[in-house]
Amino acid sequence: MPFDAAARINHDRFRATFEALTKSGATPGGLNRPCLSKAHLEARSDFCDLARHGGFDVSVDGAGNHSAILRCARDNAPTLLLGSHLDSVPNGGRYDGTLGIAAAFETLQSITESDLTPDVHLEVIDFTDEEGTWVSLMGSRAATGQLTKRDLDNPRGHLAEFDEALATANLTREGILGAARTDEDFVAYLEVHIEQGTRLSDAGLDIGVVSGMVGIRMYLVTFRGRADHAGTSSMDDRLDAAQGAAAFCLAVRRTVMERFPDCRANVGRMTVTPGAFNIVPESVMLYLEHRSENRTRALKLEEALRSEALNAADAFGLSVEIEFLEEVHPAQMDDSICRAVESSADSLSLAHCRLPSLAGHDAQSMAQICPAGLLFVPSVGGFSHSSREFTEWSDCINGANTLLRTVVTLLSAT
């Protein structure tokens, strides 16, 4: 019997699931649960409890990705995968990632209550370290075979701390590299996420149908000078690494705004050595990333920023080293899934548009091995990665209902 085309999610149950999944690591207005922290592991335990209570199978792979699975009658059937992530940035918001997990889980529950008998497995997956506490998009890149030994040997932060965190979660670097699945495993991947910007709210729209996601390239830039006494060394005789780093930071902003307005760049961390107020800085390490939908543009921006780093070093008598760290490739979402999302939004009388994502998401990894789709709901004020992050609950419901109807459309086509 076909699924009721007018069916919607259970609003109260959806809200209860969201509240249960935002309990661990709660801060005033937000969440603080970096990947593999105590709060993050508690949230994953809450997810497993919800799954078991709902009668679903629970699975954890070698990368620590947690799944709730509704299996069909065919053991060898492929999987329609729904997901997002439960980890957060330090002192982040409640909706980033967790909303997607709650919406996917509610979709799974709604399907079980329907008369629809899927001919594929349905799986809700909580990917490990989407936010990149250790390695960006680690869980989804592991699941799609894109992660390398080099990525895991060079995490953000100290390797010993990474291994300690893995051990706490009963994970290993070898296990992570062995977690890859294949394109034959999946029918498609779908994800709901907050926009983290203001395009939808500015346009008065309910749903954003993501057309594709930017690529991200990351670097470690180190300026080296000479440590001196801050009082006895003259200002014009210093080899001050902080001055070169500061000049470079300003040049990054100027270069992007003037020559690459379609791109984004950010310096998110700086480490000054020796790091005392009475010593001229001998070295500064800074972490740089830039983003673009077009890889050719990204490489041209990299060339321009390398030139600016050399100019800043030369201006202050410094040396500079630029080490490429990591790349997340741009990805296009599947057009047939985009059309299914649009049709579902239309059936709910929700205004929508297609738009690119300026942030990275797990759908970006999944798109490398199967058709993938991502839909956005509005973010009030565009705030994200902070406790100011907020989405009206009516918009959360719209996103979950759109996801449910899109899943039904895809199941009907299998």
# chains A, B, ... in the order shown; residues from 1 in each chain; ligands from 1
$ residues_around --residues "segment 14-29 of chain A" --least-positions-apart "4" --cutoff "9 Å" --atoms "only C-alpha atoms" --output "JSON, numbers by chain"
{"A": [9, 10, 33, 38, 39, 40, 41, 42, 43, 44, 46, 47, 50, 86, 91, 92, 93, 94, 95, 98, 99, 101, 102, 103, 105, 106, 386, 387, 388, 389, 390, 393, 397, 400]}
$ select_by_dssp --residues "segment 163-198 of chain A" --states "strand (DSSP E)" --output "PyMOL selection string"
chain A and resi 186-194
$ write_last_selection --atoms "N, CA and C atoms" --output "PDB file, in the first residue's frame"
ATOM      1  N   PHE A 186      24.864   2.062  -1.386  1.00  0.00           N
ATOM      2  CA  PHE A 186      23.927   3.151  -1.173  1.00  0.00           C
ATOM      3  C   PHE A 186      23.038   3.438  -2.382  1.00  0.00           C
ATOM      4  N   VAL A 187      21.784   3.751  -2.094  1.00  0.00           N
ATOM      5  CA  VAL A 187      20.867   4.299  -3.096  1.00  0.00           C
ATOM      6  C   VAL A 187      21.102   5.799  -3.211  1.00  0.00           C
ATOM      7  N   ALA A 188      21.191   6.457  -2.067  1.00  0.00           N
ATOM      8  CA  ALA A 188      21.370   7.906  -2.028  1.00  0.00           C
ATOM      9  C   ALA A 188      21.652   8.320  -0.589  1.00  0.00           C
ATOM     10  N   TYR A 189      22.043   9.579  -0.448  1.00  0.00           N
ATOM     11  CA  TYR A 189      22.241  10.183   0.877  1.00  0.00           C
ATOM     12  C   TYR A 189      21.478  11.491   0.930  1.00  0.00           C
ATOM     13  N   LEU A 190      20.809  11.747   2.076  1.00  0.00           N
ATOM     14  CA  LEU A 190      20.038  12.976   2.263  1.00  0.00           C
ATOM     15  C   LEU A 190      20.355  13.580   3.624  1.00  0.00           C
ATOM     16  N   GLU A 191      20.373  14.900   3.680  1.00  0.00           N
ATOM     17  CA  GLU A 191      20.699  15.592   4.929  1.00  0.00           C
ATOM     18  C   GLU A 191      19.921  16.902   5.031  1.00  0.00           C
ATOM     19  N   VAL A 192      19.459  17.201   6.247  1.00  0.00           N
ATOM     20  CA  VAL A 192      18.855  18.495   6.571  1.00  0.00           C
ATOM     21  C   VAL A 192      19.839  19.259   7.435  1.00  0.00           C
ATOM     22  N   HIS A 193      19.978  20.560   7.182  1.00  0.00           N
ATOM     23  CA  HIS A 193      20.905  21.367   7.972  1.00  0.00           C
ATOM     24  C   HIS A 193      20.401  22.803   8.029  1.00  0.00           C
ATOM     25  N   ILE A 194      20.792  23.524   9.049  1.00  0.00           N
ATOM     26  CA  ILE A 194      20.522  24.960   9.062  1.00  0.00           C
ATOM     27  C   ILE A 194      21.420  25.640   8.029  1.00  0.00           C
TER      28      ILE A 194
END
$ residues_around --residues "Arg238 of chain A" --least-positions-apart "2" --cutoff "12 Å" --atoms "only C-alpha atoms" --output "PyMOL selection string"
chain A and resi 224-236+240-244+279-282+315-318
$ residues_around --residues "Glu327 of chain A" --least-positions-apart "5" --cutoff "9 Å" --atoms "only C-alpha atoms" --output "ChimeraX atom specification"
/A:215-218
$ select_by_dssp --residues "segment 347-412 of chain A" --states "alpha helix (DSSP H)" --output "JSON, numbers by chain"
{"A": [347, 362, 363, 364, 365, 366, 393, 394, 395, 396, 397, 398, 399, 400, 401, 402, 403, 404, 405, 406, 407, 408, 409, 410, 411, 412]}
$ closest_residue --among "A:Ala104, A:Val272, A:Leu122, A:Ala298" --to "Cys396 of chain A" --atoms "only C-alpha atoms"
A:Ala104
$ residues_around --residues "Leu205 of chain A" --least-positions-apart "5" --cutoff "12 Å" --atoms "only C-alpha atoms" --output "list in words"
Glu195, Thr198, Arg199, Leu200, Ala345, Ser349, Leu350, Ala351, His352, Cys353, Arg354, Leu355, Phe376, Val377, Pro378, Ser379, Asp395, Asn398 and Gly399 of chain A
$ atom_distance --atom1 "atom CA of Glu321 of chain A" --atom2 "atom CA of Val221 of chain A"
5.7 Å
$ decode --residues "segment 276-344 of chain A" --atoms "C-alpha atoms" --output "PDB file, in the first residue's frame"
ATOM      1  CA  ALA A 276      55.720  36.419  26.396  1.00  0.00           C
ATOM      2  CA  PHE A 277      54.808  40.098  26.528  1.00  0.00           C
ATOM      3  CA  ASN A 278      58.458  41.125  27.035  1.00  0.00           C
ATOM      4  CA  ILE A 279      59.997  39.093  24.181  1.00  0.00           C
ATOM      5  CA  VAL A 280      59.896  40.014  20.513  1.00  0.00           C
ATOM      6  CA  PRO A 281      58.145  37.072  18.793  1.00  0.00           C
ATOM      7  CA  GLU A 282      60.560  34.662  17.181  1.00  0.00           C
ATOM      8  CA  SER A 283      57.923  32.724  15.233  1.00  0.00           C
ATOM      9  CA  VAL A 284      54.204  32.741  14.534  1.00  0.00           C
ATOM     10  CA  MET A 285      52.277  29.751  13.242  1.00  0.00           C
ATOM     11  CA  LEU A 286      48.891  30.481  11.731  1.00  0.00           C
ATOM     12  CA  TYR A 287      46.220  28.236  10.277  1.00  0.00           C
ATOM     13  CA  LEU A 288      44.706  29.438   7.006  1.00  0.00           C
ATOM     14  CA  GLU A 289      41.814  28.082   4.989  1.00  0.00           C
ATOM     15  CA  HIS A 290      40.124  29.303   1.842  1.00  0.00           C
ATOM     16  CA  ARG A 291      36.940  28.202   0.099  1.00  0.00           C
ATOM     17  CA  SER A 292      35.635  28.261  -3.444  1.00  0.00           C
ATOM     18  CA  GLU A 293      33.036  26.445  -5.540  1.00  0.00           C
ATOM     19  CA  ASN A 294      35.569  26.329  -8.368  1.00  0.00           C
ATOM     20  CA  ARG A 295      38.846  24.470  -7.847  1.00  0.00           C
ATOM     21  CA  THR A 296      40.609  26.479 -10.569  1.00  0.00           C
ATOM     22  CA  ARG A 297      39.726  29.683  -8.716  1.00  0.00           C
ATOM     23  CA  ALA A 298      40.871  28.093  -5.472  1.00  0.00           C
ATOM     24  CA  LEU A 299      44.300  27.321  -6.918  1.00  0.00           C
ATOM     25  CA  LYS A 300      44.628  30.860  -8.270  1.00  0.00           C
ATOM     26  CA  LEU A 301      43.723  32.235  -4.832  1.00  0.00           C
ATOM     27  CA  GLU A 302      46.336  29.957  -3.264  1.00  0.00           C
ATOM     28  CA  GLU A 303      48.967  31.360  -5.624  1.00  0.00           C
ATOM     29  CA  ALA A 304      47.972  34.920  -4.717  1.00  0.00           C
ATOM     30  CA  LEU A 305      48.080  34.223  -0.969  1.00  0.00           C
ATOM     31  CA  ARG A 306      51.478  32.543  -1.231  1.00  0.00           C
ATOM     32  CA  SER A 307      52.755  35.688  -2.918  1.00  0.00           C
ATOM     33  CA  GLU A 308      51.301  37.856  -0.137  1.00  0.00           C
ATOM     34  CA  ALA A 309      52.985  35.678   2.500  1.00  0.00           C
ATOM     35  CA  LEU A 310      56.351  36.140   0.793  1.00  0.00           C
ATOM     36  CA  ASN A 311      55.770  39.894   0.548  1.00  0.00           C
ATOM     37  CA  ALA A 312      54.916  40.140   4.250  1.00  0.00           C
ATOM     38  CA  ALA A 313      57.994  38.132   5.199  1.00  0.00           C
ATOM     39  CA  ASP A 314      60.235  40.270   3.008  1.00  0.00           C
ATOM     40  CA  ALA A 315      58.846  43.515   4.441  1.00  0.00           C
ATOM     41  CA  PHE A 316      59.878  42.525   7.976  1.00  0.00           C
ATOM     42  CA  GLY A 317      63.068  40.576   7.237  1.00  0.00           C
ATOM     43  CA  LEU A 318      61.531  37.200   8.013  1.00  0.00           C
ATOM     44  CA  SER A 319      61.435  33.755   6.494  1.00  0.00           C
ATOM     45  CA  VAL A 320      58.126  32.027   5.831  1.00  0.00           C
ATOM     46  CA  GLU A 321      57.113  28.405   5.343  1.00  0.00           C
ATOM     47  CA  ILE A 322      53.789  27.364   3.816  1.00  0.00           C
ATOM     48  CA  GLU A 323      52.658  23.787   4.347  1.00  0.00           C
ATOM     49  CA  PHE A 324      49.570  22.457   2.589  1.00  0.00           C
ATOM     50  CA  LEU A 325      47.578  20.434   5.110  1.00  0.00           C
ATOM     51  CA  GLU A 326      44.295  19.214   3.712  1.00  0.00           C
ATOM     52  CA  GLU A 327      41.692  19.582   0.973  1.00  0.00           C
ATOM     53  CA  VAL A 328      37.969  18.942   0.892  1.00  0.00           C
ATOM     54  CA  HIS A 329      36.912  18.842  -2.759  1.00  0.00           C
ATOM     55  CA  PRO A 330      33.928  20.784  -4.122  1.00  0.00           C
ATOM     56  CA  ALA A 331      30.859  18.639  -4.703  1.00  0.00           C
ATOM     57  CA  GLN A 332      27.656  18.915  -6.706  1.00  0.00           C
ATOM     58  CA  MET A 333      24.383  17.593  -5.351  1.00  0.00           C
ATOM     59  CA  ASP A 334      22.391  15.176  -7.500  1.00  0.00           C
ATOM     60  CA  ASP A 335      19.919  17.006  -9.751  1.00  0.00           C
ATOM     61  CA  SER A 336      17.209  14.331  -9.506  1.00  0.00           C
ATOM     62  CA  ILE A 337      17.344  14.554  -5.713  1.00  0.00           C
ATOM     63  CA  CYS A 338      17.209  18.341  -5.911  1.00  0.00           C
ATOM     64  CA  ARG A 339      14.043  18.032  -8.000  1.00  0.00           C
ATOM     65  CA  ALA A 340      12.571  15.582  -5.474  1.00  0.00           C
ATOM     66  CA  VAL A 341      13.252  18.046  -2.655  1.00  0.00           C
ATOM     67  CA  GLU A 342      11.645  20.845  -4.672  1.00  0.00           C
ATOM     68  CA  SER A 343       8.580  18.720  -5.394  1.00  0.00           C
ATOM     69  CA  SER A 344       8.282  17.821  -1.714  1.00  0.00           C
TER      70      SER A 344
END
